[in-house]
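Have a look at my_file_30.cif below; it lists mmCIF, C-alpha atoms and all ligand atoms.
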```cif
data_my_file
loop_
_atom_site.group_PDB
_atom_site.id
_atom_site.type_symbol
_atom_site.label_atom_id
_atom_site.label_comp_id
_atom_site.auth_asym_id
_atom_site.auth_seq_id
_atom_site.Cartn_x
_atom_site.Cartn_y
_atom_site.Cartn_z
ATOM 1 C CA MET A 40 -16.591 -49.705 -13.431
ATOM 2 C CA LEU A 41 -12.936 -48.751 -13.781
ATOM 3 C CA ASP A 42 -11.189 -50.296 -16.798
ATOM 4 C CA LYS A 43 -8.916 -52.800 -15.117
ATOM 5 C CA ASN A 44 -6.483 -52.651 -18.054
ATOM 6 C CA PHE A 45 -4.939 -49.713 -16.265
ATOM 7 C CA GLN A 46 -4.163 -51.975 -13.315
ATOM 8 C CA THR A 47 -0.943 -53.167 -14.994
ATOM 9 C CA LEU A 48 0.811 -49.906 -14.153
ATOM 10 C CA SER A 49 3.093 -50.340 -11.118
ATOM 11 C CA GLY A 50 2.014 -48.421 -8.044
ATOM 12 C CA VAL A 51 -1.613 -48.250 -9.222
ATOM 13 C CA SER A 52 -4.516 -50.088 -7.627
ATOM 14 C CA PHE A 53 -8.287 -49.705 -7.530
ATOM 15 C CA LYS A 54 -10.359 -49.627 -4.375
ATOM 16 C CA GLN A 55 -14.102 -49.834 -3.758
ATOM 17 C CA LEU A 56 -15.252 -47.189 -1.273
ATOM 18 C CA ASP A 57 -18.821 -48.166 -0.374
ATOM 19 C CA GLY A 58 -20.669 -47.074 -3.546
ATOM 20 C CA ILE A 59 -17.843 -45.280 -5.389
ATOM 21 C CA GLU A 60 -14.412 -46.303 -6.699
ATOM 22 C CA ALA A 61 -10.996 -44.847 -6.025
ATOM 23 C CA ILE A 62 -7.687 -45.058 -7.867
ATOM 24 C CA GLU A 63 -4.780 -45.448 -5.447
ATOM 25 C CA ILE A 64 -1.402 -44.194 -6.681
ATOM 26 C CA GLU A 65 2.003 -44.675 -5.103
ATOM 27 C CA ASN A 66 5.288 -43.561 -6.677
ATOM 28 C CA GLU A 67 8.671 -42.395 -5.422
ATOM 29 C CA TYR A 68 7.340 -38.895 -4.732
ATOM 30 C CA ALA A 69 3.947 -39.343 -3.153
ATOM 31 C CA LYS A 70 0.834 -41.399 -2.520
ATOM 32 C CA ALA A 71 -2.597 -40.268 -3.670
ATOM 33 C CA SER A 72 -6.196 -41.392 -3.907
ATOM 34 C CA ILE A 73 -8.644 -40.104 -6.521
ATOM 35 C CA THR A 74 -12.296 -41.118 -6.811
ATOM 36 C CA THR A 75 -13.909 -41.199 -10.248
ATOM 37 C CA TYR A 76 -17.058 -39.876 -8.546
ATOM 38 C CA GLY A 77 -16.724 -36.179 -9.213
ATOM 39 C CA ALA A 78 -13.061 -36.698 -10.272
ATOM 40 C CA CYS A 79 -12.198 -35.730 -6.695
ATOM 41 C CA VAL A 80 -8.624 -36.022 -5.420
ATOM 42 C CA LEU A 81 -9.189 -37.324 -1.876
ATOM 43 C CA SER A 82 -5.618 -37.511 -0.652
ATOM 44 C CA TYR A 83 -2.138 -36.384 -1.696
ATOM 45 C CA VAL A 84 0.686 -37.385 0.674
ATOM 46 C CA PRO A 85 4.155 -36.291 -0.443
ATOM 47 C CA GLN A 86 6.997 -38.486 0.846
ATOM 48 C CA GLN A 87 7.884 -37.672 4.492
ATOM 49 C CA GLN A 88 4.953 -35.306 4.721
ATOM 50 C CA GLN A 89 1.420 -35.301 6.103
ATOM 51 C CA ASP A 90 -1.561 -35.407 3.768
ATOM 52 C CA LEU A 91 -1.907 -32.064 1.999
ATOM 53 C CA LEU A 92 -5.675 -32.561 1.878
ATOM 54 C CA TRP A 93 -8.433 -33.018 4.444
ATOM 55 C CA VAL A 94 -11.453 -35.296 4.168
ATOM 56 C CA SER A 95 -14.191 -35.280 6.793
ATOM 57 C CA ASN A 96 -14.517 -38.430 8.895
ATOM 58 C CA LYS A 97 -18.269 -38.074 8.364
ATOM 59 C CA SER A 98 -18.041 -38.096 4.563
ATOM 60 C CA VAL A 99 -20.537 -40.109 2.541
ATOM 61 C CA TYR A 100 -19.072 -42.582 -0.006
ATOM 62 C CA ASP A 101 -22.280 -43.988 -1.479
ATOM 63 C CA GLY A 102 -22.435 -41.666 -4.486
ATOM 64 C CA SER A 103 -25.440 -39.772 -3.148
ATOM 65 C CA LYS A 104 -23.432 -36.574 -2.582
ATOM 66 C CA PRO A 105 -19.862 -35.352 -3.062
ATOM 67 C CA VAL A 106 -17.265 -36.591 -0.584
ATOM 68 C CA ARG A 107 -16.726 -33.774 1.941
ATOM 69 C CA GLY A 108 -13.124 -32.771 1.402
ATOM 70 C CA GLY A 109 -10.243 -33.298 -1.006
ATOM 71 C CA VAL A 110 -10.541 -31.214 -4.186
ATOM 72 C CA PRO A 111 -14.180 -31.023 -5.360
ATOM 73 C CA ILE A 112 -14.636 -29.597 -8.883
ATOM 74 C CA CYS A 113 -17.098 -26.704 -9.029
ATOM 75 C CA TRP A 114 -18.355 -26.326 -12.633
ATOM 76 C CA PRO A 115 -20.212 -24.878 -14.658
ATOM 77 C CA TRP A 116 -21.187 -22.561 -11.830
ATOM 78 C CA PHE A 117 -19.658 -21.695 -8.478
ATOM 79 C CA GLY A 118 -21.884 -21.275 -5.430
ATOM 80 C CA LYS A 119 -25.662 -21.368 -5.344
ATOM 81 C CA ALA A 120 -27.429 -22.026 -8.653
ATOM 82 C CA LEU A 121 -29.828 -19.453 -10.085
ATOM 83 C CA SER A 122 -32.612 -21.970 -9.577
ATOM 84 C CA SER A 123 -33.033 -23.593 -6.145
ATOM 85 C CA ASP A 124 -33.690 -27.028 -7.689
ATOM 86 C CA LEU A 125 -30.152 -27.141 -9.110
ATOM 87 C CA PRO A 126 -27.138 -28.256 -7.046
ATOM 88 C CA ALA A 127 -24.731 -25.749 -5.529
ATOM 89 C CA HIS A 128 -21.318 -25.592 -7.206
ATOM 90 C CA GLY A 129 -22.599 -27.100 -10.454
ATOM 91 C CA PHE A 130 -23.223 -30.737 -11.273
ATOM 92 C CA VAL A 131 -19.900 -32.361 -12.269
ATOM 93 C CA ARG A 132 -18.875 -33.141 -8.667
ATOM 94 C CA ASN A 133 -22.079 -35.198 -8.392
ATOM 95 C CA LYS A 134 -21.436 -37.524 -11.318
ATOM 96 C CA GLU A 135 -19.212 -40.415 -12.342
ATOM 97 C CA TRP A 136 -16.273 -39.420 -14.585
ATOM 98 C CA GLN A 137 -14.390 -41.795 -16.889
ATOM 99 C CA LEU A 138 -10.705 -42.631 -16.439
ATOM 100 C CA ALA A 139 -9.385 -41.828 -19.914
ATOM 101 C CA LYS A 140 -5.615 -42.015 -19.397
ATOM 102 C CA LEU A 141 -3.202 -43.318 -16.762
ATOM 103 C CA GLU A 142 0.516 -43.102 -17.474
ATOM 104 C CA GLN A 143 3.887 -43.064 -15.785
ATOM 105 C CA LEU A 144 5.867 -40.070 -17.077
ATOM 106 C CA ASP A 145 9.619 -40.608 -17.501
ATOM 107 C CA SER A 146 10.308 -38.757 -14.262
ATOM 108 C CA SER A 147 8.146 -41.462 -12.572
ATOM 109 C CA VAL A 148 5.420 -38.909 -12.056
ATOM 110 C CA THR A 149 2.011 -40.561 -12.400
ATOM 111 C CA ARG A 150 -0.421 -38.728 -14.664
ATOM 112 C CA LEU A 151 -4.149 -39.408 -14.899
ATOM 113 C CA GLN A 152 -6.819 -37.906 -17.094
ATOM 114 C CA LEU A 153 -10.488 -38.092 -16.138
ATOM 115 C CA THR A 154 -13.253 -36.928 -18.453
ATOM 116 C CA THR A 155 -16.954 -36.179 -18.454
ATOM 117 C CA GLN A 156 -19.279 -34.725 -21.053
ATOM 118 C CA SER A 157 -22.761 -33.358 -21.596
ATOM 119 C CA ASP A 158 -25.674 -35.771 -21.662
ATOM 120 C CA GLU A 159 -29.471 -35.570 -21.349
ATOM 121 C CA GLN A 160 -29.224 -35.112 -17.559
ATOM 122 C CA THR A 161 -26.727 -32.278 -17.743
ATOM 123 C CA LYS A 162 -28.586 -30.571 -20.577
ATOM 124 C CA ALA A 163 -31.743 -30.575 -18.471
ATOM 125 C CA MET A 164 -29.793 -28.450 -15.963
ATOM 126 C CA TRP A 165 -27.534 -26.491 -18.363
ATOM 127 C CA PRO A 166 -28.408 -26.484 -22.076
ATOM 128 C CA TYR A 167 -24.982 -26.794 -23.669
ATOM 129 C CA GLU A 168 -22.803 -29.513 -25.238
ATOM 130 C CA PHE A 169 -19.395 -29.726 -23.563
ATOM 131 C CA GLU A 170 -16.434 -31.958 -22.785
ATOM 132 C CA LEU A 171 -14.594 -31.546 -19.515
ATOM 133 C CA SER A 172 -11.292 -33.175 -18.622
ATOM 134 C CA LEU A 173 -9.173 -33.117 -15.500
ATOM 135 C CA ALA A 174 -5.471 -33.915 -15.818
ATOM 136 C CA ILE A 175 -3.835 -34.794 -12.487
ATOM 137 C CA GLU A 176 -0.078 -35.169 -11.975
ATOM 138 C CA ILE A 177 1.103 -36.934 -8.820
ATOM 139 C CA GLY A 178 4.772 -36.119 -8.202
ATOM 140 C CA ARG A 179 6.792 -33.722 -6.039
ATOM 141 C CA LYS A 180 3.802 -31.444 -6.654
ATOM 142 C CA LEU A 181 0.112 -32.038 -7.166
ATOM 143 C CA ILE A 182 -0.774 -30.427 -10.493
ATOM 144 C CA MET A 183 -4.395 -30.258 -11.655
ATOM 145 C CA SER A 184 -5.620 -28.886 -14.996
ATOM 146 C CA LEU A 185 -9.343 -28.542 -15.721
ATOM 147 C CA THR A 186 -10.040 -28.122 -19.448
ATOM 148 C CA THR A 187 -13.430 -27.079 -20.774
ATOM 149 C CA VAL A 188 -14.205 -27.672 -24.472
ATOM 150 C CA ASN A 189 -17.231 -25.908 -25.921
ATOM 151 C CA CYS A 190 -18.807 -28.511 -28.250
ATOM 152 C CA ASP A 191 -21.919 -26.402 -28.720
ATOM 153 C CA SER A 192 -22.938 -24.108 -31.569
ATOM 154 C CA ASP A 193 -23.347 -21.262 -29.068
ATOM 155 C CA ALA A 194 -20.849 -19.581 -26.759
ATOM 156 C CA PHE A 195 -21.319 -20.339 -23.075
ATOM 157 C CA THR A 196 -20.187 -18.788 -19.816
ATOM 158 C CA VAL A 197 -18.912 -20.692 -16.786
ATOM 159 C CA THR A 198 -17.743 -19.967 -13.284
ATOM 160 C CA GLU A 199 -15.482 -22.651 -11.812
ATOM 161 C CA ALA A 200 -13.157 -23.536 -8.951
ATOM 162 C CA LEU A 201 -10.995 -26.276 -7.461
ATOM 163 C CA HIS A 202 -12.634 -26.224 -4.027
ATOM 164 C CA THR A 203 -9.571 -27.498 -2.144
ATOM 165 C CA TYR A 204 -9.813 -28.578 1.515
ATOM 166 C CA PHE A 205 -6.326 -28.310 3.072
ATOM 167 C CA ASN A 206 -5.349 -30.360 6.131
ATOM 168 C CA ILE A 207 -4.388 -27.558 8.551
ATOM 169 C CA GLY A 208 -3.029 -27.840 12.099
ATOM 170 C CA LEU A 209 -4.858 -24.750 13.394
ATOM 171 C CA PRO A 210 -7.167 -22.751 11.097
ATOM 172 C CA GLN A 211 -7.708 -20.023 13.685
ATOM 173 C CA GLY A 212 -5.208 -17.279 12.856
ATOM 174 C CA LEU A 213 -3.967 -19.048 9.695
ATOM 175 C CA ARG A 214 -1.995 -16.602 7.540
ATOM 176 C CA ILE A 215 -2.520 -16.675 3.765
ATOM 177 C CA GLU A 216 0.003 -14.642 1.807
ATOM 178 C CA GLY A 217 -0.526 -13.360 -1.754
ATOM 179 C CA LEU A 218 -4.002 -11.813 -1.729
ATOM 180 C CA ALA A 219 -2.946 -8.237 -0.933
ATOM 181 C CA ASP A 220 -4.574 -5.684 -3.324
ATOM 182 C CA SER A 221 -7.172 -8.198 -4.540
ATOM 183 C CA ILE A 222 -10.860 -7.254 -4.265
ATOM 184 C CA HIS A 223 -12.410 -8.888 -1.196
ATOM 185 C CA SER A 224 -16.151 -9.668 -0.944
ATOM 186 C CA ASP A 225 -17.285 -11.007 2.421
ATOM 187 C CA LYS A 226 -20.115 -13.467 1.728
ATOM 188 C CA LEU A 227 -21.038 -13.574 5.421
ATOM 189 C CA VAL A 228 -22.055 -9.904 5.416
ATOM 190 C CA ASN A 229 -25.204 -9.166 3.406
ATOM 191 C CA ASN A 230 -24.634 -6.558 0.691
ATOM 192 C CA ALA A 231 -21.038 -6.098 1.800
ATOM 193 C CA LEU A 232 -19.263 -3.678 -0.509
ATOM 194 C CA PRO A 233 -16.108 -5.167 -2.083
ATOM 195 C CA GLN A 234 -12.969 -3.837 -0.400
ATOM 196 C CA THR A 235 -9.341 -3.840 -1.496
ATOM 197 C CA GLN A 236 -7.526 -6.442 0.582
ATOM 198 C CA ALA A 237 -4.822 -4.814 2.698
ATOM 199 C CA GLY A 238 -1.949 -7.199 3.383
ATOM 200 C CA ASP A 239 -2.156 -10.930 4.109
ATOM 201 C CA VAL A 240 -5.439 -12.674 4.891
ATOM 202 C CA VAL A 241 -5.653 -14.031 8.432
ATOM 203 C CA LEU A 242 -8.339 -16.696 8.789
ATOM 204 C CA ASN A 243 -10.572 -16.333 11.794
ATOM 205 C CA PRO A 244 -13.524 -18.715 11.341
ATOM 206 C CA PRO A 245 -16.217 -18.306 10.286
ATOM 207 C CA MET A 246 -14.984 -16.943 7.012
ATOM 208 C CA ASP A 247 -16.489 -17.146 3.499
ATOM 209 C CA SER A 248 -14.638 -14.670 1.331
ATOM 210 C CA VAL A 249 -14.159 -14.238 -2.402
ATOM 211 C CA PHE A 250 -11.037 -12.472 -3.653
ATOM 212 C CA GLN A 251 -11.093 -11.233 -7.223
ATOM 213 C CA ASN A 252 -8.186 -9.993 -9.298
ATOM 214 C CA ALA A 253 -6.343 -12.670 -7.315
ATOM 215 C CA ASN A 254 -3.922 -14.415 -9.657
ATOM 216 C CA LYS A 255 -0.666 -14.238 -7.714
ATOM 217 C CA GLU A 256 1.102 -17.140 -5.982
ATOM 218 C CA LEU A 257 -0.456 -17.922 -2.607
ATOM 219 C CA GLN A 258 1.315 -19.305 0.433
ATOM 220 C CA ILE A 259 -0.571 -20.846 3.350
ATOM 221 C CA HIS A 260 1.468 -20.715 6.566
ATOM 222 C CA ASP A 261 0.427 -23.942 8.270
ATOM 223 C CA GLU A 262 2.654 -23.282 11.282
ATOM 224 C CA VAL A 263 1.330 -26.016 13.576
ATOM 225 C CA ASN A 264 2.237 -28.603 10.918
ATOM 226 C CA GLY A 265 5.529 -26.789 10.351
ATOM 227 C CA ARG A 266 4.940 -26.241 6.635
ATOM 228 C CA VAL A 267 4.121 -23.675 3.984
ATOM 229 C CA ILE A 268 1.721 -24.754 1.259
ATOM 230 C CA ARG A 269 2.344 -22.996 -2.076
ATOM 231 C CA ILE A 270 -0.428 -22.513 -4.629
ATOM 232 C CA ARG A 271 0.474 -21.433 -8.170
ATOM 233 C CA SER A 272 -2.381 -21.087 -10.655
ATOM 234 C CA ARG A 273 -2.848 -20.286 -14.337
ATOM 235 C CA ASN A 274 -6.037 -18.788 -15.809
ATOM 236 C CA ALA A 275 -7.498 -18.392 -12.332
ATOM 237 C CA ASN A 276 -8.489 -14.826 -11.399
ATOM 238 C CA SER A 277 -10.341 -15.588 -8.174
ATOM 239 C CA ALA A 278 -9.590 -17.182 -4.827
ATOM 240 C CA VAL A 279 -12.070 -18.203 -2.125
ATOM 241 C CA VAL A 280 -11.255 -18.712 1.555
ATOM 242 C CA TRP A 281 -13.761 -20.675 3.619
ATOM 243 C CA ASN A 282 -14.091 -22.202 7.029
ATOM 244 C CA PRO A 283 -17.539 -22.487 8.660
ATOM 245 C CA GLY A 284 -16.462 -22.135 12.276
ATOM 246 C CA ALA A 285 -18.297 -23.647 15.283
ATOM 247 C CA GLU A 286 -21.802 -22.337 14.528
ATOM 248 C CA ILE A 287 -22.181 -22.641 10.730
ATOM 249 C CA VAL A 288 -20.617 -26.133 10.809
ATOM 250 C CA LYS A 289 -23.762 -27.321 12.613
ATOM 251 C CA GLY A 290 -25.571 -27.080 9.284
ATOM 252 C CA PHE A 291 -23.251 -29.668 7.681
ATOM 253 C CA SER A 292 -24.225 -33.263 8.494
ATOM 254 C CA ASP A 293 -20.974 -34.524 6.955
ATOM 255 C CA ILE A 294 -18.642 -32.425 9.131
ATOM 256 C CA ALA A 295 -18.176 -33.316 12.824
ATOM 257 C CA ALA A 296 -18.893 -30.557 15.357
ATOM 258 C CA GLN A 297 -15.156 -29.992 15.892
ATOM 259 C CA GLY A 298 -14.228 -30.830 12.283
ATOM 260 C CA TRP A 299 -13.959 -27.166 11.323
ATOM 261 C CA LYS A 300 -10.756 -27.028 13.418
ATOM 262 C CA GLU A 301 -8.968 -29.397 11.016
ATOM 263 C CA PHE A 302 -9.156 -27.664 7.629
ATOM 264 C CA ALA A 303 -9.146 -24.489 5.588
ATOM 265 C CA CYS A 304 -10.544 -24.187 2.094
ATOM 266 C CA VAL A 305 -8.404 -22.036 -0.211
ATOM 267 C CA GLU A 306 -9.995 -22.340 -3.610
ATOM 268 C CA SER A 307 -8.655 -21.267 -7.009
ATOM 269 C CA GLY A 308 -10.866 -20.501 -9.981
ATOM 270 C CA ASN A 309 -13.004 -17.917 -11.739
ATOM 271 C CA VAL A 310 -16.052 -16.871 -9.740
ATOM 272 C CA LEU A 311 -18.561 -13.950 -9.609
ATOM 273 C CA ASP A 312 -17.454 -11.292 -12.145
ATOM 274 C CA ASP A 313 -14.424 -13.399 -13.128
ATOM 275 C CA PHE A 314 -16.661 -15.665 -15.257
ATOM 276 C CA VAL A 315 -15.186 -17.182 -18.422
ATOM 277 C CA THR A 316 -16.963 -17.065 -21.806
ATOM 278 C CA ILE A 317 -15.925 -19.812 -24.234
ATOM 279 C CA ALA A 318 -16.711 -19.592 -27.949
ATOM 280 C CA PRO A 319 -18.042 -22.590 -29.889
ATOM 281 C CA GLY A 320 -15.221 -25.032 -30.591
ATOM 282 C CA SER A 321 -12.860 -23.226 -28.206
ATOM 283 C CA LYS A 322 -11.328 -24.444 -24.970
ATOM 284 C CA HIS A 323 -10.223 -22.983 -21.622
ATOM 285 C CA THR A 324 -7.849 -24.544 -19.078
ATOM 286 C CA LEU A 325 -7.652 -23.670 -15.396
ATOM 287 C CA SER A 326 -4.449 -25.054 -13.835
ATOM 288 C CA VAL A 327 -3.293 -25.169 -10.233
ATOM 289 C CA GLU A 328 0.003 -26.469 -8.820
ATOM 290 C CA TYR A 329 0.135 -27.390 -5.121
ATOM 291 C CA SER A 330 3.435 -27.983 -3.295
ATOM 292 C CA ILE A 331 4.909 -27.912 0.180
ATOM 293 C CA ILE A 332 7.955 -25.634 0.440
HETATM 294 O O1 LIG A 401 -16.561 -22.072 -1.181
HETATM 295 C C1 LIG A 401 -17.285 -21.709 -0.030
HETATM 296 C C2 LIG A 401 -18.697 -22.238 -0.153
HETATM 297 O O2 LIG A 401 -19.347 -21.660 -1.263
HETATM 298 C C3 LIG A 401 -19.429 -21.949 1.164
HETATM 299 O O3 LIG A 401 -20.402 -20.932 0.994
HETATM 300 C C4 LIG A 401 -20.027 -23.309 1.560
HETATM 301 O O4 LIG A 401 -21.299 -23.467 0.998
HETATM 302 C C5 LIG A 401 -18.992 -24.253 0.953
HETATM 303 O O5 LIG A 401 -18.706 -23.677 -0.318
HETATM 304 C C6 LIG A 401 -19.401 -25.701 0.881
HETATM 305 O O6 LIG A 401 -20.402 -25.858 -0.079
HETATM 306 P P1 LIG A 401 -21.007 -27.336 -0.308
HETATM 307 O O7 LIG A 401 -22.024 -27.172 -1.415
HETATM 308 O O8 LIG A 401 -19.867 -28.228 -0.707
HETATM 309 O O9 LIG A 401 -21.587 -27.748 1.005
#
```
The structure given in the file should be rewritten as structure tokens.
Amino acid sequence: MLDKNFQTLSGVSFKQLDGIEAIEIENEYAKASITTYGACVLSYVPQQQQDLLWVSNKSVYDGSKPVRGGVPICWPWFGKALSSDLPAHGFVRNKEWQLAKLEQLDSSVTRLQLTTQSDEQTKAMWPYEFELSLAIEIGRKLIMSLTTVNCDSDAFTVTEALHTYFNIGLPQGLRIEGLADSIHSDKLVNNALPQTQAGDVVLNPPMDSVFQNANKELQIHDEVNGRVIRIRSRNANSAVVWNPGAEIVKGFSDIAAQGWKEFACVESGNVLDDFVTIAPGSKHTLSVEYSII
């Protein structure tokens, strides 16, 4: 249960969504909704703008699986697990996090910190002691910082990503600027050799592509919604672009048949060879700043 002591902050309320809870934020810059289940930002609506994020209208809110959409946290691995009995994209998006801090910064930006840590269940899947925290700033921008602390006596290696679902007017032909010269691996082509990305990425679903050596600013040209979404990241060397298209979407019970036409995933993190090794007692922070320009 959320600690209701936080309720005293103006513009903050708590909402029960079927089996999970959400923190609703409203300040002079934006409105947002964050569920403690998976520490997933479900919505971020800057003033006079449409929601930056997309959530499927067939999402499940009973805590049995991650909400489909928003910004799921992929950690301590990205993609399929080595063992088929482990969840894809790690296990922290499938568990309840704790709300550790909720404060109004002097610029009336609302800042939250959610935390989770190793326990018997996580160690059965991944044998290391860790603390993970997600700092979220709701203001003119949406700023998210995922900090890993190695509390173990051994070093460990993670892959990670903010798996962000953007609310997009027309994904077909969507232009994504900033990935030129990165190393592109097409996950839809078996044994595809990595290629150097020439120029902007144009999304034509289905697409499931990893871009490595991708740490520049990205701009998503959401022309139908008349906006450009800017992504600035720190300590993220990979980007992933995903949209299932009309055929692959049929395999997702929590996305409507036409739902693929409403979003594009542009994910920031460290995946495949861009893994991060963290020494005992050390920490690593992946930060991403989202804004509409
Ligand atoms: O980031 C792209 C991807 O890895 C796709 O391959 C697809 O599986 C997508 O993530 C959604 O994964 P999920 O486990 O959330 O259904």
May I ask which of the residues A:Ile331, A:Ala120, A:Val240, A:Val94 is the closest one to Phe302 of chain A, counting all atoms listed in the file?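 Using all atoms listed in the file, the shortest distance to Phe302 of chain A belongs to A:Val94.
Summary of the local environment: counting all atoms listed in the file, residues at most 6 Å from Leu171 of chain A, other than itself and those fewer than 5 positions away along its chain, are Thr154, Thr155, Gln156, Thr186 and Thr187 of chain A.
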8 Å contact set for Leu56 of chain A, all atoms listed in the file, chain neighbours under 4 positions out, as a list in words: Glu60, Ala61, Tyr100 and Asp101 of chain A
Within 10 Å of segment 124-140 of chain A, counting all atoms listed in the file, which residues qualify if same-chain residues fewer than 4 places away don't, as a ChimeraX atom specification? /A:40-42,45,59-60,62,74-79,102-106,110-120,150-157,160-161,164-165,171-174,197-200,202
So for ligand LIG 401 (chain A), what box centre and size do we get, axis-aligned, 4 Å extra on each of the six sides, every listed atom, Å to one decimal, as AutoDock Vina command-line options?
```
--center_x -19.3 --center_y -24.6 --center_z 0.1 --size_x 13.5 --size_y 15.3 --size_z 11.0
```
For Pro244 of chain A, the nearest of the candidates A:Asp293, A:Glu286, A:Asp193, A:Glu65, counting all atoms listed in the file: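 Of the candidates, the smallest distance to Pro244 of chain A is held by A:Glu286.
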Coordinates-based distance that separates atom CA of Leu242 of chain A from atom CA of His223 of chain A (Å, one decimal):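 Separation of atom CA of His223 of chain A and atom CA of Leu242 of chain A: 13.3 Å.
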Expressed in Å to a single decimal, how great is the separation between atom CA of Ile270 of chain A and atom CA of Gln258 of chain A?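 Atom CA of Gln258 of chain A lies 6.2 Å from atom CA of Ile270 of chain A.
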